[in-house]
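Everything on this sheet refers to the single structure shown next.
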Amino acid sequence: MKKCMLVIMVIVMTFCISLVALAGSEKETSGTAKEAAPVASDEPCVDEWVFSNLMFMTGGWAPYGEMIVWGMNEAIDEINAAGGIRGVPVRAEVYDTGTHQPELAVTQMAKVLDTKPLLIMGPHGSTDAEACSQLAYDEGVYMLQSTSSYDVAKKFRPWANVWLTNTEQFAKTTGQKWIEREPDIKSVVMFVQPEASTWYEQSKHQSNGLKAVGVKVLEEIAVTEAVDFSPLAVRALSHKPDGFVMYCYPEAMVKIVLELQKRGVKENRRFLFFHGAGTPEFWALGKGYLDGAYQWSIFNSQAKSQKWQKLADKFREDFDGEPNWTVPTDYDSMYLIKKCFEDLKITGCRDKLKEERVKIQKYMNNVDSFEFATMNIKIVDGEYKAPAFLYTIKGDKLENPINCGFEWK
Amino acid sequence: MPISLFYFLVFTGIFILLGWAIYIVYRNGQLNNVPIAAMAVGAYICAYLTRELHWPFLPALLAAMGGGAVFSFVPALGLGRAPGFSMTIATIAMIFITQTVLRNMAFLGGVYGFYSIPRVDHLLIVTYVIVFIVGFFIFRLERSRIGRAMEVVFIDTSVARTLKINTYWLSVWLQVFAGVLGAIAGVLFANLVRILVPRHFSLGMLLNIYCFMFVGGYTTMWGVVVFTPILWGFPLLLPEAVAEWKDTIYGLLLVVTMLLRPEGVISKKMLWDIKVSVKRFFINRRKS
Amino acid sequence: MEFLLAQIINGLILGGIYALLVTGFNLLLLEGGVFQYAYPHLLVLSMYVSWLVLRVTGNNIFLGILAAVLSGIVLGIATEPIFRSLSKRGAAVASFIVALGIAIIITDILSRVINKGIQIAFPESLKGEKALLQFGYAIISAGQMLTILGSFVAVGGIFFILFKTKTGRAMRAMAQVPGVARLIGLPVNAMSLYSYMLAGILGGISSVFLIMALGSASSGLGNTLALKVLAVAIFAGLGNLGGGLVSALILGMAESFVMGYMRGDWANAVAFGMIMIIVMVRPRGIFGMKA
Amino acid sequence: MGKSDRVLLEIKDLSVEYGPVKALQNINLTVNRGEVIVLLGANGAGKSTLLNAVLGIGPPKKGSVFFEGEDITTMPTNRIVASGICLLPEGRGIVPQMLVWENLQLGGYHFKNAVIRKDMENVFRRFPILKERRRQEAGTLSGGQQQILSIGRGLMAKPKLMMLDEPSLGLAPVIITEVFEIIRELNRDGYSILLSEQNARKALQVADRGYVFEKGQIVLSGSAEDLEKNEKVHHAYLGGHI
């Protein structure tokens, strides 16, 4: 009997403690703000800038989460070594949103909002962003979603932005550029993953773009998770298309290509991959099979800037592989935040929180020109502008970029 | 009230409802996944009615419950006799089918999702009023004739048949009830998150709820109630470096609980012991 | 015609993979009374072990294959003590939940620890990508050929052991009348260990075939395969070894045809819908349950 | 012949408990070589529990069991069977979906294949009906044939002591007579037999000695003739008249 009472007590206590701790999290994190009134009106009130990053750190996307966080930490180390932001050191807290776990994403976002953030990094990943962006939107906190998706972030403007440009224009133009280079391609089959809204939307744009230049889209084949993709490959071939456009997850893209190659598609120039390709698994699975294929991307792997060379070298050292488009995203975000805070003289004082949040939002939605690690970018009325490239794959690397973009110096 | 506490508590309520939905069918010896699919149905019905047709919350809730009931009734007719595991796999089909259908419904947002759903006032109170009502209903149900029938079926199906319990219709009605619970959970989810995307209603959520139920105890309705907040809450409190391992922790908890306490932490016997000791405590006090 | 043939071959290859998996799964269900949902996960883990060994030894194929098979056996035996008490109690649902827990742990570890969670790809020499036979779009690669032949041999071997040897008969007796098996003096504990070992060997061999047929592995592969294995097993009737083989081929074929001919993204919905209908019409599977 | 050579099985102070239920209490029992011992008693009196306990099956027990002078109380079942005790379980316990000869093979599991083959021939010689039906599924045999199969399987283990749990259960009277005839023959061929039986009349006819069980205790023991004449036994198990 006593044992039972004990167990019940423990359970009830745990519950109470968890409630109290959750309720208390507000106070805990506000510790970053100094209690005393600021000396000068625009001096920072904090002894440390804490940025919250909502990131998929578990589940299938965990490896990419790790890479993005790695990039962010590199930036933080560099910034802190150079004296921090406005003389105050920087720290980031990562909140795991899981892969395809809306309930977790929402609760973590709520946790972040309780810390009264000036702005939020993330949510990354379109499922997370779809689930939890509404919360920050309601609170009026700016979200640097960086990798989620153009179409999701667009729905939460002006309180969200993403480092993926207007995919409608890019999907159209890059596809047309491909046809321009390979004029004998008159008909294509598209492989599309229907669960992912962004990829689905982009594939629609690309399809429209191709149709506009007289290319026939024979079928949009739905790709779902499967053990073996050869049935899809055979199905595509039954249309006898000239080209193949891939809008699905990297593993499926490569596996479908391998099946097509086995079945007699000899020329890799007939393949066009969308910008979601180019991940480590894409290269690992496709090693040696992809030479000559095309991929469009907004990632400038050929960037010559010193910053990028340094970052890329460090990445090769740490990860034993070529850097991909996820690597510089939050590295860049961090530097943009630094510039924003310095330009606006953000203080982080409690009493100015609302006003500073709005100031940050206004600033972030109109950035005239800013040097990202890989390129020079621009944000006009909340719309991120950067070039897009059509690459040829050569030696398991993206080579020979053709600029299909606009608004680029 | 901190925002995170609000979301944590409402989600806890939603998970308790879902846990009960799975629990109530499992009392009949079958593991049913329909509540997740019914959740999607309920969420979308409520969302559409409140956003597009400007219905108030209560009628929308009732409509969603009706939708959930109809939705789960049809497969239940076929699955009434299915052995436990067969039902698990068969009802996974319901999740895939629901997702696919929703993706192809343009007026519900399709792949892109259904955005900006209005939220009912005092959602937290509404949630817990619903949880309380449902809980009371299940409490009464378990002490009714049906509840005793469920008990017999859970222990031995063949004995149940000799006692002239119609296991088929029992299973059907429990599945419909589970579907209604799922739909209610969906309505709360829609009101809480205010964005619905077909992908949200997937198997992942289910695994968590299995974990809450089996660790908490599947022989009483209280296992879910006690362990949902604990298991759902603790990863949110842990430092991020540890919380990242929450899946592994859940897995370990499942294995360890099943091996050491096969009925889950809270078993019928434990409740009985508590009841006795509480009674004794009061009696002793009166004496002294 | 050409396409039809190609899809049939694709279906056969897929079915062969499922047949391997479902046999091991059914074996454990019959002998141990254990619902080993994590069986495919253990197999994927073996693939990862093989990959690690390949990387360390500089793509030594022999060692890679040896590592896959050995780790399969070790993992198979290692799970026996976990399930022992459950199988004695005859707690099938509990064993399913325990297996679910193991599956969650394996998936979580693979998605973050080995190769930093990134999908692994096996070297060319192990994959056997080269086409052996080709009629238009229908091709069979060396790896696939080996997979099909190998799964026949492996499954045949299991059936030989079960039906043609003394030990196998004792195992079957134990599956059919566990109480009596003990009373008449069969070494039941050793028997149960044998069955885990057998399932482990089969798992190890299967993982080699999976390497050849798929050429890659990811943390999510275990879950994808487990759902399919469960579907095949339930479609056939749980614990029905022979029925499992036929059903594996049927479902492999069905999947290939749905993917090959069905418009839109209905593949999963239709595949599982089929199972649902079977469960509704014949609750004990089309060939009847044996467990 | 010394005492220890004469005694085959000796049970000393054996108690078995299922939780609060005392299934057996302080049982003392011996089986000498060449004897047929019968255990009488109502359903649930503890006869089957005793037979299982000898094989080391069931809940942990107090007391000890000696077989040929060796303590087998904690030995695993398969080793006890290998040392020469076999049990023919209640309800025959054959494997219905396996062939007749496969069932026989299971009985000799701990012997080499060649030995099994030879023993099987012996069994076939003794029971020609099994040879006739050896390729048939055991479940398709009639009740009496199944009982013979069960006995045959027991013989495959080359036992010194055969324990039969309710061999006449659910059989027609003619066949029961046949089964007891077989038991008598086996005894004549040198097998010691421990028989649990409700059909007291038939059992006492073949037995040398007997024990009467009631609620897990031995209430009466003695030679078969004495038991047959005993009033109490008479009344309870033999239906009144001599």
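Residues are referred to by chain and number: the chain letter is A, B, ... according to the order shown in the structure tokens, the number counts from 1 in that chain, and ligands are numbered separately from 1 in the order shown.
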
Would you mind listing what lies within 10 Å of A:Glu225 as a list of chain:residue names, with only C-alpha atoms counted and same-chain residues fewer than 5 positions away left out?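 Everything that qualifies: A:Gln193, A:Cys248, A:Tyr249, A:Glu251, A:Ala252, C:Gly220, C:Leu221, C:Thr224, C:Ala267, C:Asn268.
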
For N, CA, C and O atoms, I'd like the residues from the last selection saved as a PDB file, in the first residue's frame.
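The resulting selection_29.pdb:
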ATOM      1  N   GLN A 193       6.907  14.425 -56.113  1.00  0.00           N
ATOM      2  CA  GLN A 193       6.479  13.889 -54.824  1.00  0.00           C
ATOM      3  C   GLN A 193       5.287  14.693 -54.334  1.00  0.00           C
ATOM      4  O   GLN A 193       5.401  15.874 -54.021  1.00  0.00           O
ATOM      5  N   CYS A 248      11.493  15.037 -56.653  1.00  0.00           N
ATOM      6  CA  CYS A 248      11.176  14.198 -55.501  1.00  0.00           C
ATOM      7  C   CYS A 248      12.403  14.133 -54.591  1.00  0.00           C
ATOM      8  O   CYS A 248      13.404  14.779 -54.843  1.00  0.00           O
ATOM      9  N   TYR A 249      12.307  13.328 -53.537  1.00  0.00           N
ATOM     10  CA  TYR A 249      13.408  13.325 -52.584  1.00  0.00           C
ATOM     11  C   TYR A 249      14.645  12.670 -53.190  1.00  0.00           C
ATOM     12  O   TYR A 249      14.544  11.821 -54.072  1.00  0.00           O
ATOM     13  N   GLU A 251      16.956  10.479 -52.682  1.00  0.00           N
ATOM     14  CA  GLU A 251      17.143   9.040 -52.836  1.00  0.00           C
ATOM     15  C   GLU A 251      16.367   8.534 -54.051  1.00  0.00           C
ATOM     16  O   GLU A 251      16.891   7.819 -54.901  1.00  0.00           O
ATOM     17  N   ALA A 252      15.091   8.941 -54.129  1.00  0.00           N
ATOM     18  CA  ALA A 252      14.246   8.486 -55.224  1.00  0.00           C
ATOM     19  C   ALA A 252      14.776   8.985 -56.556  1.00  0.00           C
ATOM     20  O   ALA A 252      14.820   8.246 -57.538  1.00  0.00           O
TER      21      ALA A 252
ATOM     22  N   GLY C 220      15.281   5.131 -42.605  1.00  0.00           N
ATOM     23  CA  GLY C 220      13.844   4.904 -42.754  1.00  0.00           C
ATOM     24  C   GLY C 220      13.499   3.584 -43.412  1.00  0.00           C
ATOM     25  O   GLY C 220      12.345   3.177 -43.434  1.00  0.00           O
ATOM     26  N   LEU C 221      14.515   2.911 -43.977  1.00  0.00           N
ATOM     27  CA  LEU C 221      14.252   1.676 -44.731  1.00  0.00           C
ATOM     28  C   LEU C 221      13.574   0.616 -43.862  1.00  0.00           C
ATOM     29  O   LEU C 221      12.671  -0.080 -44.312  1.00  0.00           O
ATOM     30  N   THR C 224       9.850   1.260 -43.648  1.00  0.00           N
ATOM     31  CA  THR C 224       9.176   0.970 -44.915  1.00  0.00           C
ATOM     32  C   THR C 224       9.007  -0.527 -45.083  1.00  0.00           C
ATOM     33  O   THR C 224       7.918  -1.017 -45.402  1.00  0.00           O
ATOM     34  N   ALA C 267      -0.601   4.956 -54.799  1.00  0.00           N
ATOM     35  CA  ALA C 267       0.083   3.672 -54.641  1.00  0.00           C
ATOM     36  C   ALA C 267      -0.088   3.084 -53.238  1.00  0.00           C
ATOM     37  O   ALA C 267      -0.587   1.966 -53.078  1.00  0.00           O
ATOM     38  N   ASN C 268       0.300   3.866 -52.210  1.00  0.00           N
ATOM     39  CA  ASN C 268       0.216   3.330 -50.848  1.00  0.00           C
ATOM     40  C   ASN C 268      -1.218   3.068 -50.438  1.00  0.00           C
ATOM     41  O   ASN C 268      -1.522   2.051 -49.827  1.00  0.00           O
TER      42      ASN C 268
END

For the strand (DSSP E or B) assignment from backbone DSSP, which residues of stretch 105-308 of chain A qualify? Please present them as a PyMOL selection string. chain A and resi 119-121+142-146+160-162+187-192+216-222+243-247+271-273+294-297

I need the residues from that last selection saved to file as a CSV table (one decimal), in the first residue's frame (with N, CA and C atoms), if you can.
chain,number,residue,atom,x,y,z
A,119,LEU,N,13.7,37.9,-32.6
A,119,LEU,CA,13.3,37.3,-33.9
A,119,LEU,C,13.6,35.8,-33.8
A,120,ILE,N,13.2,35.0,-34.7
A,120,ILE,CA,13.3,33.6,-34.6
A,120,ILE,C,14.1,33.1,-35.9
A,121,MET,N,15.0,32.2,-35.6
A,121,MET,CA,15.6,31.5,-36.8
A,121,MET,C,14.8,30.2,-36.9
A,142,TYR,N,9.5,38.1,-36.1
A,142,TYR,CA,10.0,37.8,-37.4
A,142,TYR,C,10.7,36.5,-37.5
A,143,MET,N,10.4,35.7,-38.6
A,143,MET,CA,11.0,34.4,-38.7
A,143,MET,C,11.9,34.3,-39.9
A,144,LEU,N,13.2,34.0,-39.6
A,144,LEU,CA,14.1,33.8,-40.7
A,144,LEU,C,14.1,32.3,-41.0
A,145,GLN,N,13.1,31.9,-41.9
A,145,GLN,CA,12.9,30.4,-42.1
A,145,GLN,C,14.0,29.8,-42.9
A,146,SER,N,14.8,30.6,-43.6
A,146,SER,CA,16.0,30.2,-44.4
A,146,SER,C,15.8,29.0,-45.3
A,160,ALA,N,7.8,36.6,-42.2
A,160,ALA,CA,8.7,35.4,-42.5
A,160,ALA,C,9.4,35.7,-43.8
A,161,ASN,N,10.6,35.1,-43.8
A,161,ASN,CA,11.3,35.1,-45.1
A,161,ASN,C,12.2,33.9,-45.2
A,162,VAL,N,12.6,33.6,-46.4
A,162,VAL,CA,13.3,32.3,-46.6
A,162,VAL,C,14.3,32.5,-47.7
A,187,SER,N,9.7,16.4,-75.4
A,187,SER,CA,8.7,15.9,-74.5
A,187,SER,C,9.4,15.4,-73.2
A,188,VAL,N,8.8,15.6,-72.1
A,188,VAL,CA,9.4,15.2,-70.9
A,188,VAL,C,8.3,14.4,-70.0
A,189,VAL,N,8.9,13.6,-69.1
A,189,VAL,CA,8.1,13.0,-68.0
A,189,VAL,C,8.6,13.6,-66.7
A,190,MET,N,7.7,14.0,-65.8
A,190,MET,CA,8.1,14.6,-64.5
A,190,MET,C,7.8,13.6,-63.4
A,191,PHE,N,8.8,13.5,-62.5
A,191,PHE,CA,8.6,12.7,-61.3
A,191,PHE,C,8.4,13.7,-60.1
A,192,VAL,N,7.2,13.6,-59.5
A,192,VAL,CA,6.8,14.6,-58.5
A,192,VAL,C,6.4,13.9,-57.2
A,216,LYS,N,6.3,19.1,-74.6
A,216,LYS,CA,5.1,18.3,-74.1
A,216,LYS,C,5.4,17.7,-72.7
A,217,VAL,N,4.5,17.9,-71.8
A,217,VAL,CA,4.7,17.1,-70.5
A,217,VAL,C,3.8,15.9,-70.6
A,218,LEU,N,4.4,14.8,-70.8
A,218,LEU,CA,3.7,13.6,-71.0
A,218,LEU,C,2.9,13.0,-69.8
A,219,GLU,N,3.6,13.1,-68.7
A,219,GLU,CA,2.9,12.6,-67.5
A,219,GLU,C,3.7,13.2,-66.2
A,220,GLU,N,2.9,13.5,-65.2
A,220,GLU,CA,3.6,13.8,-63.9
A,220,GLU,C,3.4,12.6,-63.0
A,221,ILE,N,4.4,11.8,-62.9
A,221,ILE,CA,4.3,10.6,-62.1
A,221,ILE,C,4.5,10.8,-60.6
A,222,ALA,N,3.6,10.4,-59.8
A,222,ALA,CA,3.7,10.6,-58.4
A,222,ALA,C,4.7,9.6,-57.8
A,243,GLY,N,13.0,13.7,-72.3
A,243,GLY,CA,13.7,14.1,-71.1
A,243,GLY,C,12.9,13.8,-69.8
A,244,PHE,N,13.7,13.9,-68.7
A,244,PHE,CA,13.1,13.5,-67.4
A,244,PHE,C,13.4,14.6,-66.4
A,245,VAL,N,12.3,15.1,-65.7
A,245,VAL,CA,12.5,16.1,-64.8
A,245,VAL,C,12.1,15.6,-63.4
A,246,MET,N,13.0,15.8,-62.4
A,246,MET,CA,12.9,15.2,-61.1
A,246,MET,C,12.5,16.2,-60.0
A,247,TYR,N,11.4,16.0,-59.4
A,247,TYR,CA,11.0,16.8,-58.2
A,247,TYR,C,10.6,15.9,-57.0
A,271,PHE,N,18.4,14.5,-68.2
A,271,PHE,CA,17.9,14.6,-66.8
A,271,PHE,C,18.0,16.0,-66.3
A,272,LEU,N,16.9,16.5,-65.7
A,272,LEU,CA,17.0,17.8,-65.0
A,272,LEU,C,16.5,17.6,-63.6
A,273,PHE,N,17.4,17.9,-62.6
A,273,PHE,CA,17.0,17.8,-61.2
A,273,PHE,C,16.7,19.1,-60.7
A,294,TYR,N,21.7,17.8,-65.6
A,294,TYR,CA,21.5,19.1,-65.2
A,294,TYR,C,20.8,19.2,-63.9
A,295,GLN,N,21.2,20.3,-63.1
A,295,GLN,CA,20.5,20.6,-61.9
A,295,GLN,C,20.3,22.1,-61.8
A,296,TRP,N,19.1,22.5,-61.5
A,296,TRP,CA,19.0,24.0,-61.2
A,296,TRP,C,19.0,24.2,-59.7
A,297,SER,N,19.6,25.3,-59.3
A,297,SER,CA,19.8,25.6,-57.9
A,297,SER,C,20.0,27.0,-57.7

What separation in Å, quoted to one decimal, exists between atom CA of B:Val25 and atom CA of C:Val270? 24.9 Å

Write out as an MDAnalysis selection string the residues lying within 10 Å of A:Ala293, counting only C-alpha atoms and excluding same-chain residues fewer than 4 positions away. chainID A and resid 267:273 289 391:394 398

Hey, what's within 10 Å of D:Ile85 if we count only C-alpha atoms and toss same-chain stuff fewer than 4 positions away? As a VMD selection string, please? (chain C and resid 184 to 185) or (chain D and resid 9 54 to 55 67 77 to 81 154 157 to 163 192 to 193)

Next, write the just-selected residues to a file, as a compact mmCIF listing (two decimals), in the first residue's frame, keeping C-alpha atoms as the atom set.
# COMPACT_ATOMS: atom_id res chain seq x y z
CA ILE C 184 7.69 -35.16 -24.13
CA GLY C 185 11.18 -33.94 -23.40
CA LEU D 9 11.71 -43.60 -8.48
CA VAL D 54 8.58 -35.52 -11.60
CA LEU D 55 9.54 -34.12 -15.00
CA PHE D 67 15.46 -41.44 -10.04
CA THR D 77 12.94 -31.69 -18.40
CA ASN D 78 14.78 -32.80 -21.50
CA ARG D 79 17.60 -34.28 -19.39
CA ILE D 80 15.15 -36.10 -17.15
CA VAL D 81 13.51 -37.61 -20.22
CA GLY D 154 6.93 -42.92 -25.30
CA ALA D 157 12.51 -42.52 -25.61
CA LYS D 158 13.70 -45.93 -24.32
CA PRO D 159 12.29 -45.23 -20.89
CA LYS D 160 12.85 -47.17 -17.73
CA LEU D 161 9.78 -45.61 -16.23
CA MET D 162 6.70 -44.75 -18.24
CA MET D 163 4.25 -42.34 -16.75
CA SER D 192 7.99 -49.87 -14.85
CA ILE D 193 4.81 -47.90 -15.05

Which of A:Val50, A:Ala284, A:Ala62, A:Cys45 sits closest to chain B [using only C-alpha atoms]: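 Nearest candidate to chain B out of A:Val50, A:Ala284, A:Ala62, A:Cys45: A:Ala62.
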
Residue contacts of C:Leu193 (10 Å, only C-alpha atoms) excluding same-chain residues fewer than 5 positions away, as a PyMOL selection string: chain C and resi 31-32+76-81+84+188+198-199

What's around B:Leu61 at 7 Å? Count only C-alpha atoms, leave out sequence neighbours fewer than 4 positions away in its own chain, and write the answer as a list in words.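 Contacts, in chain order: Cys46, Phe57, Met65, Ile184 and Val187 of chain B.
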
Would you kindly return, as a VMD selection string, each protein, DNA or RNA residue with an atom no farther than 8 Å from any atom of stretch 363-371 of chain A, considering only C-alpha atoms and excluding same-chain residues fewer than 6 positions away? chain A and resid 158 161 336 340 377 to 383

Output the contact residues of chain C with respect to chain D at a cut-off of 6 Å, based on only C-alpha atoms, as JSON, numbers by chain. {"C": [180, 185, 186, 187]}

Show me a table, sorted first by chain and then by increasing residue number, of the residues of chain A having an atom at most 8 Å from chain C, each with its shortest atom pair and the distance in Å to one decimal, counting only C-alpha atoms and written as a tab-separated table.
residue	atom	partner	partner_atom	distance
A:Thr58	CA	C:Arg112	CA	7.3
A:Gly59	CA	C:Ser111	CA	6.2
A:Gly60	CA	C:Ser111	CA	6.1
A:Ala62	CA	C:Arg112	CA	6.4
A:Pro63	CA	C:Gly117	CA	5.3
A:Pro194	CA	C:Asp265	CA	6.7
A:Ile221	CA	C:Gly264	CA	6.8
A:Ala222	CA	C:Asp265	CA	5.0
A:Val223	CA	C:Asp265	CA	7.0
A:Thr224	CA	C:Asp265	CA	7.1
A:Glu225	CA	C:Thr224	CA	7.7
A:Ala226	CA	C:Thr224	CA	7.3
A:Val227	CA	C:Thr224	CA	7.4
A:Asp228	CA	C:Leu14	CA	7.0
A:Ser230	CA	C:Asn10	CA	6.5
A:Pro231	CA	C:Gly260	CA	5.0
A:Leu232	CA	C:Gly260	CA	5.7
A:Val234	CA	C:Tyr137	CA	6.6
A:Arg235	CA	C:Gly260	CA	5.2
A:Leu237	CA	C:Tyr137	CA	7.9
A:Ser238	CA	C:Phe3	CA	6.8
A:Lys262	CA	C:Ala131	CA	7.0
A:Arg263	CA	C:Tyr137	CA	5.3
A:Gly264	CA	C:Tyr137	CA	7.7
A:Pro280	CA	C:Ile118	CA	7.0
A:Glu281	CA	C:Gln119	CA	5.4
A:Ala284	CA	C:Ala121	CA	5.9
A:Leu285	CA	C:Ala121	CA	5.4

Just list as a VMD selection string whatever in stretch 101-280 of chain B DSSP marks as helix (DSSP H, G or I). chain B and resid 101 to 103 106 to 108 110 to 112 123 to 142 145 to 155 157 to 162 167 to 193 198 to 200 203 to 216 222 to 237 240 to 243 246 to 260 268 to 280

Among listed residues B:Thr228, B:Thr91, B:Ser72, B:Thr157, nearest chain A (using only C-alpha atoms):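 Closest to chain A, using only C-alpha atoms: B:Thr228.
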